[in-house]
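J.: Handing over start.cif, mmCIF, C-alpha atoms and all ligand atoms.
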data_upload
#
loop_
_atom_site.label_atom_id
_atom_site.label_comp_id
_atom_site.auth_asym_id
_atom_site.auth_seq_id
_atom_site.Cartn_x
_atom_site.Cartn_y
_atom_site.Cartn_z
CA MET A 1 3.43 -21.48 -10.55
CA ASN A 2 1.12 -18.99 -8.89
CA LEU A 3 -0.09 -15.96 -10.76
CA LEU A 4 0.90 -12.69 -9.15
CA ARG A 5 -1.50 -9.87 -9.83
CA HIS A 6 -1.52 -7.84 -6.63
CA VAL A 7 1.27 -7.10 -4.15
CA ALA A 8 0.61 -5.19 -0.92
CA ILE A 9 3.44 -3.75 1.16
CA ILE A 10 3.66 -2.41 4.72
CA MET A 11 6.68 -0.17 4.32
CA ASP A 12 7.94 -0.23 7.90
CA GLY A 13 11.23 0.73 9.52
CA ASN A 14 11.96 4.18 8.13
CA GLY A 15 12.18 5.82 11.54
CA ARG A 16 14.58 3.23 12.97
CA TRP A 17 16.79 3.39 9.88
CA GLY A 18 16.89 7.19 10.07
CA LEU A 19 17.79 7.21 13.76
CA LYS A 20 20.49 4.58 13.29
CA PHE A 21 22.26 6.13 10.31
CA LYS A 22 21.33 9.82 10.24
CA ASN A 23 20.21 10.54 13.79
CA SER A 24 16.80 11.61 12.47
CA ARG A 25 13.60 9.66 11.91
CA ASN A 26 12.63 12.03 9.11
CA ALA A 27 15.84 11.24 7.20
CA GLY A 28 14.57 7.66 7.22
CA HIS A 29 11.32 8.70 5.57
CA LYS A 30 13.27 10.50 2.86
CA ALA A 31 15.43 7.43 2.25
CA GLY A 32 12.32 5.24 2.21
CA LEU A 33 11.02 7.14 -0.79
CA LYS A 34 14.00 5.90 -2.85
CA THR A 35 12.97 2.34 -2.04
CA VAL A 36 9.43 3.15 -3.20
CA GLU A 37 10.81 4.17 -6.59
CA LYS A 38 12.93 1.01 -6.90
CA ILE A 39 10.00 -1.21 -6.02
CA ILE A 40 7.65 0.52 -8.48
CA LYS A 41 10.20 -0.07 -11.24
CA GLU A 42 10.58 -3.74 -10.39
CA THR A 43 6.81 -4.19 -10.10
CA ILE A 44 6.55 -3.01 -13.70
CA ASN A 45 9.38 -5.35 -14.76
CA GLN A 46 7.51 -8.22 -13.17
CA ASN A 47 4.28 -7.37 -15.00
CA ILE A 48 2.31 -7.12 -11.77
CA ASN A 49 -0.98 -5.23 -12.21
CA PHE A 50 -1.64 -3.85 -8.72
CA LEU A 51 0.70 -2.53 -6.02
CA THR A 52 -0.78 -1.33 -2.73
CA LEU A 53 1.55 0.66 -0.48
CA TYR A 54 0.77 1.47 3.16
CA ALA A 55 2.10 4.97 3.65
CA PHE A 56 0.06 6.42 6.54
CA SER A 57 -2.39 4.70 8.86
CA THR A 58 -5.36 6.16 10.73
CA GLU A 59 -3.28 5.51 13.87
CA ASN A 60 -0.22 7.39 12.57
CA TRP A 61 -1.93 10.70 13.54
CA LYS A 62 -0.72 9.89 17.07
CA ARG A 63 2.83 10.77 16.00
CA PRO A 64 4.47 14.15 16.71
CA LYS A 65 3.28 17.00 14.48
CA LYS A 66 6.80 17.56 13.22
CA GLU A 67 7.03 14.04 11.79
CA ILE A 68 3.50 14.15 10.31
CA ASN A 69 4.21 17.48 8.60
CA TYR A 70 7.47 16.15 7.23
CA LEU A 71 5.77 13.09 5.80
CA PHE A 72 3.04 15.07 4.07
CA ASN A 73 5.54 17.61 2.69
CA LEU A 74 7.52 14.71 1.30
CA LEU A 75 4.39 13.33 -0.31
CA GLU A 76 3.52 16.74 -1.78
CA SER A 77 6.88 17.17 -3.42
CA PHE A 78 6.84 13.56 -4.64
CA LEU A 79 3.50 14.18 -6.34
CA LYS A 80 4.60 17.49 -7.84
CA ASN A 81 7.87 16.09 -9.18
CA LYS A 82 6.93 12.58 -10.21
CA ILE A 83 3.31 12.51 -11.34
CA ASP A 84 4.14 13.33 -14.98
CA ASN A 85 6.70 10.58 -15.00
CA LEU A 86 4.27 8.06 -13.52
CA HIS A 87 1.68 9.14 -16.07
CA LYS A 88 4.14 8.65 -18.94
CA GLN A 89 4.76 5.13 -17.72
CA ASN A 90 1.03 4.42 -17.98
CA ILE A 91 0.68 4.11 -14.19
CA LYS A 92 -2.65 4.77 -12.48
CA LEU A 93 -2.51 6.25 -8.99
CA LYS A 94 -5.38 5.67 -6.59
CA ILE A 95 -5.61 6.79 -2.99
CA ILE A 96 -7.18 4.36 -0.56
CA GLY A 97 -8.16 5.88 2.78
CA GLU A 98 -9.97 9.08 3.68
CA LYS A 99 -8.62 12.17 1.94
CA LYS A 100 -8.76 14.46 4.96
CA PHE A 101 -5.56 16.46 4.59
CA SER A 102 -4.78 20.13 3.85
CA ASN A 103 -6.78 21.61 0.94
CA LYS A 104 -3.55 21.78 -1.02
CA LEU A 105 -2.68 18.12 -0.56
CA ASN A 106 -6.27 16.96 -1.12
CA LYS A 107 -6.28 18.81 -4.45
CA LEU A 108 -2.92 17.38 -5.49
CA LEU A 109 -4.13 13.88 -4.71
CA ILE A 110 -7.42 14.31 -6.56
CA ASN A 111 -5.64 15.78 -9.58
CA ALA A 112 -3.10 12.97 -9.62
CA GLU A 113 -5.93 10.43 -9.57
CA LYS A 114 -7.81 12.23 -12.34
CA LYS A 115 -4.75 12.61 -14.53
CA THR A 116 -3.83 8.93 -14.35
CA LEU A 117 -7.36 7.48 -14.23
CA LYS A 118 -7.23 5.77 -17.62
CA ASN A 119 -3.72 4.34 -17.33
CA GLU A 120 -3.48 0.60 -17.35
CA LYS A 121 0.07 -0.75 -17.07
CA LEU A 122 0.12 -0.73 -13.27
CA GLN A 123 -2.29 0.58 -10.63
CA ILE A 124 -0.63 1.91 -7.50
CA ASN A 125 -2.93 2.16 -4.51
CA LEU A 126 -1.45 4.51 -1.97
CA ALA A 127 -2.94 3.85 1.46
CA LEU A 128 -3.09 7.23 3.17
CA ASN A 129 -5.06 7.88 6.33
CA TYR A 130 -6.12 4.28 5.77
CA GLY A 131 -7.45 1.99 8.49
CA SER A 132 -9.10 -1.31 7.75
CA LYS A 133 -11.51 -1.10 10.70
CA ASN A 134 -12.79 2.31 9.51
CA GLU A 135 -13.05 0.99 5.97
CA LEU A 136 -15.17 -1.97 7.08
CA LEU A 137 -17.39 0.07 9.41
CA SER A 138 -18.19 2.67 6.77
CA ALA A 139 -18.75 -0.07 4.18
CA PHE A 140 -21.35 -1.78 6.42
CA THR A 141 -22.94 1.58 7.34
CA ASN A 142 -23.34 2.50 3.66
CA MET A 143 -24.63 -0.95 2.74
CA LYS A 144 -27.30 -0.64 5.42
CA LYS A 145 -28.26 2.87 4.27
CA LYS A 146 -28.74 1.65 0.73
CA ASN A 147 -30.51 -1.54 1.77
CA TYR A 148 -27.88 -3.86 0.37
CA LYS A 149 -27.80 -7.42 1.67
CA PHE A 150 -24.63 -8.21 3.64
CA THR A 151 -22.91 -10.54 1.20
CA GLU A 152 -19.25 -10.92 0.36
CA LYS A 153 -19.85 -9.68 -3.17
CA ASN A 154 -21.74 -6.58 -1.99
CA LEU A 155 -19.20 -5.76 0.71
CA ASN A 156 -16.44 -5.75 -1.89
CA LYS A 157 -18.32 -3.01 -3.75
CA PHE A 158 -18.18 -0.74 -0.69
CA LEU A 159 -14.50 -1.10 0.14
CA HIS A 160 -11.75 1.27 -1.03
CA THR A 161 -10.39 -1.73 -2.91
CA LYS A 162 -13.53 -2.25 -5.00
CA ASN A 163 -12.78 -3.72 -8.43
CA LEU A 164 -9.35 -4.98 -7.32
CA PRO A 165 -8.37 -8.60 -6.80
CA ASP A 166 -7.31 -9.33 -3.21
CA PRO A 167 -3.55 -9.13 -2.61
CA ASP A 168 -1.79 -12.38 -3.52
CA LEU A 169 1.23 -11.36 -1.54
CA LEU A 170 1.78 -9.15 1.52
CA ILE A 171 5.28 -7.99 2.41
CA ARG A 172 6.08 -6.20 5.68
CA THR A 173 9.61 -4.93 6.21
CA GLY A 174 10.99 -3.71 9.53
CA ASN A 175 11.10 -7.00 11.47
CA THR A 176 7.62 -6.59 12.97
CA HIS A 177 5.04 -9.35 12.70
CA ARG A 178 1.67 -7.65 12.68
CA LEU A 179 -0.88 -6.16 10.27
CA SER A 180 -1.35 -2.75 11.95
CA ASN A 181 -4.93 -2.33 10.69
CA PHE A 182 -4.04 -2.96 7.02
CA LEU A 183 -6.52 -4.67 4.64
CA LEU A 184 -7.86 -7.05 7.31
CA TRP A 185 -10.62 -8.37 5.05
CA GLN A 186 -8.67 -8.40 1.80
CA LEU A 187 -5.66 -10.30 3.23
CA ALA A 188 -7.74 -13.36 4.22
CA TYR A 189 -5.80 -15.68 1.86
CA SER A 190 -2.67 -13.67 1.02
CA GLU A 191 0.79 -15.17 1.35
CA ILE A 192 2.59 -13.13 4.03
CA PHE A 193 6.32 -12.38 4.16
CA PHE A 194 7.76 -10.60 7.20
CA ILE A 195 11.19 -9.23 6.34
CA LYS A 196 13.90 -8.25 8.84
CA LYS A 197 15.35 -5.42 6.76
CA LEU A 198 14.14 -1.88 7.40
CA TRP A 199 12.29 -0.31 4.45
CA PRO A 200 15.15 1.98 3.30
CA GLU A 201 17.45 -1.09 3.13
CA PHE A 202 15.00 -3.20 1.12
CA ASN A 203 15.84 -3.49 -2.58
CA GLU A 204 14.84 -5.06 -5.91
CA ASN A 205 16.78 -8.24 -5.20
CA ASP A 206 14.99 -8.81 -1.91
CA TYR A 207 11.73 -8.24 -3.75
CA ILE A 208 12.62 -10.64 -6.58
CA LYS A 209 13.56 -13.37 -4.07
CA ILE A 210 10.19 -13.05 -2.32
CA ILE A 211 8.34 -13.17 -5.64
CA LYS A 212 10.20 -16.36 -6.60
CA LYS A 213 9.30 -17.99 -3.28
CA TYR A 214 5.69 -16.86 -3.59
CA LYS A 215 5.36 -18.36 -7.04
CA ASN A 216 6.24 -21.82 -5.71
CA ILE A 217 3.97 -21.89 -2.68
CA LYS A 218 1.06 -24.35 -2.77
CA ARG A 219 -1.97 -22.17 -2.15
CA ASN A 220 -4.80 -24.31 -0.80
CA PHE A 221 -7.66 -21.89 -0.14
CA GLY A 222 -9.05 -24.46 2.25
CA ASN A 223 -8.74 -27.40 -0.10
CA ILE A 224 -6.33 -30.27 0.53
CA ASN A 225 -2.79 -30.01 -0.73
CA GLU A 226 -2.24 -32.94 -3.06
C1 LIG A 301 6.92 3.35 8.31
O1 LIG A 301 8.08 3.56 9.02
C2 LIG A 301 6.44 4.60 7.65
C3 LIG A 301 5.27 5.21 8.28
C4 LIG A 301 4.54 4.72 9.24
C5 LIG A 301 4.90 6.51 7.78
P1 LIG A 301 8.04 3.97 10.55
O2 LIG A 301 8.04 5.45 10.63
O3 LIG A 301 6.95 3.29 11.26
O4 LIG A 301 9.44 3.42 11.04
P2 LIG A 301 9.74 2.71 12.42
O5 LIG A 301 8.87 1.49 12.47
O6 LIG A 301 9.42 3.69 13.50
O7 LIG A 301 11.19 2.37 12.34
C1 LIG A 302 2.28 0.61 9.79
O1 LIG A 302 3.46 0.93 10.44
C2 LIG A 302 1.82 1.77 8.99
C3 LIG A 302 2.64 2.11 7.84
C4 LIG A 302 3.69 1.47 7.40
C5 LIG A 302 2.18 3.24 7.11
P1 LIG A 302 3.49 1.47 11.94
O2 LIG A 302 4.91 1.66 12.28
O3 LIG A 302 2.59 2.62 12.08
O4 LIG A 302 2.87 0.25 12.73
P2 LIG A 302 2.92 -0.06 14.29
O5 LIG A 302 2.45 1.16 15.02
O6 LIG A 302 4.33 -0.39 14.64
O7 LIG A 302 2.03 -1.25 14.46
MG MG A 303 6.84 1.48 12.26
#
Could you write out this structure as structure tokens?
T.:
Amino acid sequence: MNLLRHVAIIMDGNGRWGLKFKNSRNAGHKAGLKTVEKIIKETINQNINFLTLYAFSTENWKRPKKEINYLFNLLESFLKNKIDNLHKQNIKLKIIGEKKFSNKLNKLLINAEKKTLKNEKLQINLALNYGSKNELLSAFTNMKKKNYKFTEKNLNKFLHTKNLPDPDLLIRTGNTHRLSNFLLWQLAYSEIFFIKKLWPEFNENDYIKIIKKYKNIKRNFGNINE
């Protein structure tokens, strides 16, 4: 049975779900937040230590202003309403990506990180304004500035994911088979599950089924599978 320490999720399909059932992409984002809560709960039940959620990519700035504003308002109210609850559950929140938002949101994010810094039941990495290519380029630039040798071990120290194990498992909902600039380095040996369901339709049972399958996969890491 494989250990499962770190799950990464590309939460895709909110917009399509919203258009299909509520005639509004933004309604899909709101519904997607309920799935986030369900999955956090189940991640705790499963004793998983790290959960990395892709919420906004560096490429998502191409979207209409109205949708971007809606998403960040949703995030603001989520943080305001839920951070105490997350803290009580001993959850640590970390933002991966560049915090280049409104002053108000930047502050909320920094405060949420500070408040939960010492928690240790589960670490949630929220990927916001995250792009793997940017992450790698700035890691190499900073390594060069500080005269670090380009080694795997050193690179890991300069990534947003420093001190984390690589994801064991990547799940992407929304019936799309691509990585969309997510954790390109860190996913080198992750087990990948592409799921047809849209993110607001995804639930604990789907998650549990994937975890069961994952646990029985023979992971070779280049070795032979005997
Ligand atoms: C993922 O859902 C959430 C974000 C990118 C913020 P989408 O908004 O990409 O939903 P679809 O893929 O358009 O249905
Ligand atoms: C990936 O979804 C980003 C997030 C889930 C936050 P997208 O919907 O932005 O990906 P593409 O554009 O279809 O590749
Ligand atoms: Mg999408």
J.: Would you pick out the contacts of Ala31 of chain A at 10 Å or less, using all atoms listed in the file, so that residues sharing its chain but fewer than 4 positions from it are not included, and give the list as number ranges by chain?
T.: A: 14-15, 17-18, 26-27, 35-36, 199-201
J.: Find the residues near ligand MG 303 (chain A). Use a cut-off of 10 Å, count only C-alpha atoms and all ligand atoms, and write them as a ChimeraX atom specification.
T.: /A:10-16,60,173-176,180,198-199
J.: Include C-alpha atoms and write out the residues we just selected as a PDB file, in the coordinates of the input.
T.:
ATOM      1  CA  ILE A  10       3.660  -2.410   4.720  1.00  0.00           C
ATOM      2  CA  MET A  11       6.680  -0.170   4.320  1.00  0.00           C
ATOM      3  CA  ASP A  12       7.940  -0.230   7.900  1.00  0.00           C
ATOM      4  CA  GLY A  13      11.230   0.730   9.520  1.00  0.00           C
ATOM      5  CA  ASN A  14      11.960   4.180   8.130  1.00  0.00           C
ATOM      6  CA  GLY A  15      12.180   5.820  11.540  1.00  0.00           C
ATOM      7  CA  ARG A  16      14.580   3.230  12.970  1.00  0.00           C
ATOM      8  CA  ASN A  60      -0.220   7.390  12.570  1.00  0.00           C
ATOM      9  CA  THR A 173       9.610  -4.930   6.210  1.00  0.00           C
ATOM     10  CA  GLY A 174      10.990  -3.710   9.530  1.00  0.00           C
ATOM     11  CA  ASN A 175      11.100  -7.000  11.470  1.00  0.00           C
ATOM     12  CA  THR A 176       7.620  -6.590  12.970  1.00  0.00           C
ATOM     13  CA  SER A 180      -1.350  -2.750  11.950  1.00  0.00           C
ATOM     14  CA  LEU A 198      14.140  -1.880   7.400  1.00  0.00           C
ATOM     15  CA  TRP A 199      12.290  -0.310   4.450  1.00  0.00           C
TER      16      TRP A 199
END
J.: Under the rule that all atoms listed in the file are counted, which of A:Met143, A:Leu179, A:Leu75, A:Ile68 is the nearest residue to ligand LIG 302 (chain A)?
T.: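 Ranked by minimum distance to ligand LIG 302 (chain A), first place goes to A:Leu179.
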J.: Which distance in Å separates atom CA of Asn90 of chain A and atom CA of Lys215 of chain A, to one decimal?
T.: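 Separation between atom CA of Asn90 of chain A and atom CA of Lys215 of chain A: 25.6 Å.
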J.: May I have the residues within 10 Å of Glu42 of chain A as number ranges by chain, using all atoms listed in the file and disregarding those fewer than 5 positions away in the same chain?
T.: A: 37, 47-48, 203-205, 207-208
J.: Expressed in Å to a single decimal, how great is the separation between atom CA of Leu155 of chain A and atom C5 of ligand LIG 301 (chain A)?
T.: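 Straight-line distance from atom CA of Leu155 of chain A to atom C5 of ligand LIG 301 (chain A) works out to 28.0 Å.
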J.: What does the distance between atom CA of Asn125 of chain A and atom CA of Ile96 of chain A come to in Å, to one decimal place?
T.: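 Straight-line distance from atom CA of Asn125 of chain A to atom CA of Ile96 of chain A works out to 6.2 Å.
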J.: Please provide the set of residues having any atom within 12 Å of Lys212 of chain A, restricted to all atoms listed in the file, with same-chain residues fewer than 3 positions apart removed, written as a list of chain:residue names.
T.: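 Residues near the query, excluding close chain neighbours: A:Met1, A:Asn2, A:Leu3, A:Leu4, A:Gln46, A:Leu169, A:Asn205, A:Asp206, A:Tyr207, A:Ile208, A:Lys209, A:Lys215, A:Asn216, A:Ile217.
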J.: Which residue is closest to ligand LIG 301 (chain A)? Choose from A:Asn45, A:Thr151, A:Gln89, A:Asn129 and count all atoms listed in the file.
T.: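 Distance minimum relative to ligand LIG 301 (chain A) lands on A:Asn129.
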J.: Near Asn103 of chain A, within 12 Å and counting all atoms listed in the file, which residues show up once chain neighbours fewer than 6 positions away are dropped, as a PDB file with C-alpha atoms, in the coordinates of the input?
T.:
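Output file out.pdb follows:
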ATOM      1  CA  GLU A  76       3.520  16.740  -1.780  1.00  0.00           C
ATOM      2  CA  LEU A 109      -4.130  13.880  -4.710  1.00  0.00           C
ATOM      3  CA  ILE A 110      -7.420  14.310  -6.560  1.00  0.00           C
TER       4      ILE A 110
END
J.: Go through A:Arg172, A:His6, A:Arg25, A:Lys213 and flag the residue nearest Lys66 of chain A, using all atoms listed in the file for the distances.
T.: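 Of the candidates, the smallest distance to Lys66 of chain A is held by A:Arg25.
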J.: If you count all atoms listed in the file, which residues fall within 12 Å of Asp84 of chain A, apart from same-chain ones fewer than 3 positions away, as JSON, numbers by chain?
T.: {"A": [78, 79, 80, 81, 87, 88, 89, 90, 91, 92, 93, 111, 112, 113, 115, 116]}
J.: Pick out the closest residue to ligand LIG 302 (chain A) from this set: A:Leu71, A:Leu122, A:Ile40, A:Leu187. Count only C-alpha atoms and all ligand atoms.
T.: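 Checking each candidate against ligand LIG 302 (chain A), we get A:Leu71 as the closest.
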J.: Could you tell me which of A:Phe140, A:Tyr189, A:Phe21, A:Phe101 comes closest to Phe72 of chain A if we count all atoms listed in the file?
T.: A:Phe101
J.: If we draw a sphere of 9 Å around (-12.9, -8.7, 5.8), which residues have at least one atom in it when counting all atoms listed in the file? Please report them as a PyMOL selection string.
T.: chain A and resi 132+136+152+155-156+183-188
J.: Which residue, A:Asn220, A:Asn163, A:Asn181, A:Thr43, has the smallest gap to ligand LIG 301 (chain A) when you use only C-alpha atoms and all ligand atoms?
T.: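 Going through A:Asn220, A:Asn163, A:Asn181, A:Thr43 one by one, the smallest distance to ligand LIG 301 (chain A) is for A:Asn181.
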J.: Could you model N, CA, C and O atoms for segment 97-118 of chain A and present them as an mmCIF file, keeping the file's coordinate frame?
T.:
data_model
loop_
_atom_site.group_PDB
_atom_site.id
_atom_site.type_symbol
_atom_site.label_atom_id
_atom_site.label_comp_id
_atom_site.auth_asym_id
_atom_site.auth_seq_id
_atom_site.Cartn_x
_atom_site.Cartn_y
_atom_site.Cartn_z
ATOM 1 N N GLY A 97 -8.173 5.192 1.493
ATOM 2 C CA GLY A 97 -8.160 5.880 2.780
ATOM 3 C C GLY A 97 -8.953 7.162 2.628
ATOM 4 O O GLY A 97 -9.387 7.495 1.524
ATOM 5 N N GLU A 98 -9.170 7.858 3.731
ATOM 6 C CA GLU A 98 -9.970 9.080 3.680
ATOM 7 C C GLU A 98 -9.073 10.263 3.365
ATOM 8 O O GLU A 98 -8.125 10.531 4.101
ATOM 9 N N LYS A 99 -9.433 10.993 2.313
ATOM 10 C CA LYS A 99 -8.620 12.170 1.940
ATOM 11 C C LYS A 99 -9.005 13.342 2.840
ATOM 12 O O LYS A 99 -9.810 14.187 2.460
ATOM 13 N N LYS A 100 -8.448 13.368 4.028
ATOM 14 C CA LYS A 100 -8.760 14.460 4.960
ATOM 15 C C LYS A 100 -7.464 15.155 5.344
ATOM 16 O O LYS A 100 -7.009 15.065 6.490
ATOM 17 N N PHE A 101 -6.844 15.793 4.356
ATOM 18 C CA PHE A 101 -5.560 16.460 4.590
ATOM 19 C C PHE A 101 -5.742 17.962 4.353
ATOM 20 O O PHE A 101 -6.875 18.439 4.306
ATOM 21 N N SER A 102 -4.645 18.705 4.162
ATOM 22 C CA SER A 102 -4.780 20.130 3.850
ATOM 23 C C SER A 102 -5.466 20.249 2.489
ATOM 24 O O SER A 102 -5.401 19.322 1.674
ATOM 25 N N ASN A 103 -6.119 21.407 2.249
ATOM 26 C CA ASN A 103 -6.780 21.610 0.940
ATOM 27 C C ASN A 103 -5.803 21.384 -0.195
ATOM 28 O O ASN A 103 -6.147 20.786 -1.211
ATOM 29 N N LYS A 104 -4.576 21.874 0.027
ATOM 30 C CA LYS A 104 -3.550 21.780 -1.020
ATOM 31 C C LYS A 104 -3.243 20.324 -1.348
ATOM 32 O O LYS A 104 -3.234 19.919 -2.514
ATOM 33 N N LEU A 105 -3.028 19.532 -0.324
ATOM 34 C CA LEU A 105 -2.680 18.120 -0.560
ATOM 35 C C LEU A 105 -3.887 17.355 -1.113
ATOM 36 O O LEU A 105 -3.743 16.559 -2.051
ATOM 37 N N ASN A 106 -5.072 17.625 -0.578
ATOM 38 C CA ASN A 106 -6.270 16.960 -1.120
ATOM 39 C C ASN A 106 -6.388 17.194 -2.621
ATOM 40 O O ASN A 106 -6.649 16.271 -3.386
ATOM 41 N N LYS A 107 -6.166 18.464 -3.021
ATOM 42 C CA LYS A 107 -6.280 18.810 -4.450
ATOM 43 C C LYS A 107 -5.232 18.069 -5.265
ATOM 44 O O LYS A 107 -5.525 17.526 -6.331
ATOM 45 N N LEU A 108 -3.999 18.076 -4.769
ATOM 46 C CA LEU A 108 -2.920 17.380 -5.490
ATOM 47 C C LEU A 108 -3.257 15.907 -5.689
ATOM 48 O O LEU A 108 -3.040 15.339 -6.760
ATOM 49 N N LEU A 109 -3.800 15.303 -4.644
ATOM 50 C CA LEU A 109 -4.130 13.880 -4.710
ATOM 51 C C LEU A 109 -5.257 13.629 -5.710
ATOM 52 O O LEU A 109 -5.173 12.721 -6.547
ATOM 53 N N ILE A 110 -6.284 14.486 -5.638
ATOM 54 C CA ILE A 110 -7.420 14.310 -6.560
ATOM 55 C C ILE A 110 -6.970 14.515 -8.003
ATOM 56 O O ILE A 110 -7.327 13.746 -8.903
ATOM 57 N N ASN A 111 -6.127 15.533 -8.219
ATOM 58 C CA ASN A 111 -5.640 15.780 -9.580
ATOM 59 C C ASN A 111 -4.778 14.643 -10.098
ATOM 60 O O ASN A 111 -4.862 14.273 -11.265
ATOM 61 N N ALA A 112 -3.954 14.091 -9.209
ATOM 62 C CA ALA A 112 -3.100 12.970 -9.620
ATOM 63 C C ALA A 112 -3.962 11.765 -10.009
ATOM 64 O O ALA A 112 -3.692 11.081 -11.003
ATOM 65 N N GLU A 113 -5.025 11.552 -9.244
ATOM 66 C CA GLU A 113 -5.930 10.430 -9.570
ATOM 67 C C GLU A 113 -6.628 10.666 -10.906
ATOM 68 O O GLU A 113 -6.730 9.761 -11.728
ATOM 69 N N LYS A 114 -7.097 11.903 -11.095
ATOM 70 C CA LYS A 114 -7.810 12.230 -12.340
ATOM 71 C C LYS A 114 -6.898 12.062 -13.544
ATOM 72 O O LYS A 114 -7.265 11.475 -14.549
ATOM 73 N N LYS A 115 -5.687 12.618 -13.417
ATOM 74 C CA LYS A 115 -4.750 12.610 -14.530
ATOM 75 C C LYS A 115 -4.437 11.181 -14.988
ATOM 76 O O LYS A 115 -4.302 10.908 -16.176
ATOM 77 N N THR A 116 -4.333 10.274 -14.027
ATOM 78 C CA THR A 116 -3.830 8.930 -14.350
ATOM 79 C C THR A 116 -4.959 7.892 -14.438
ATOM 80 O O THR A 116 -4.687 6.705 -14.612
ATOM 81 N N LEU A 117 -6.196 8.372 -14.351
ATOM 82 C CA LEU A 117 -7.360 7.480 -14.230
ATOM 83 C C LEU A 117 -7.422 6.381 -15.305
ATOM 84 O O LEU A 117 -7.796 5.244 -15.031
ATOM 85 N N LYS A 118 -7.043 6.730 -16.528
ATOM 86 C CA LYS A 118 -7.230 5.770 -17.620
ATOM 87 C C LYS A 118 -6.003 4.907 -17.877
ATOM 88 O O LYS A 118 -5.995 4.106 -18.812
#
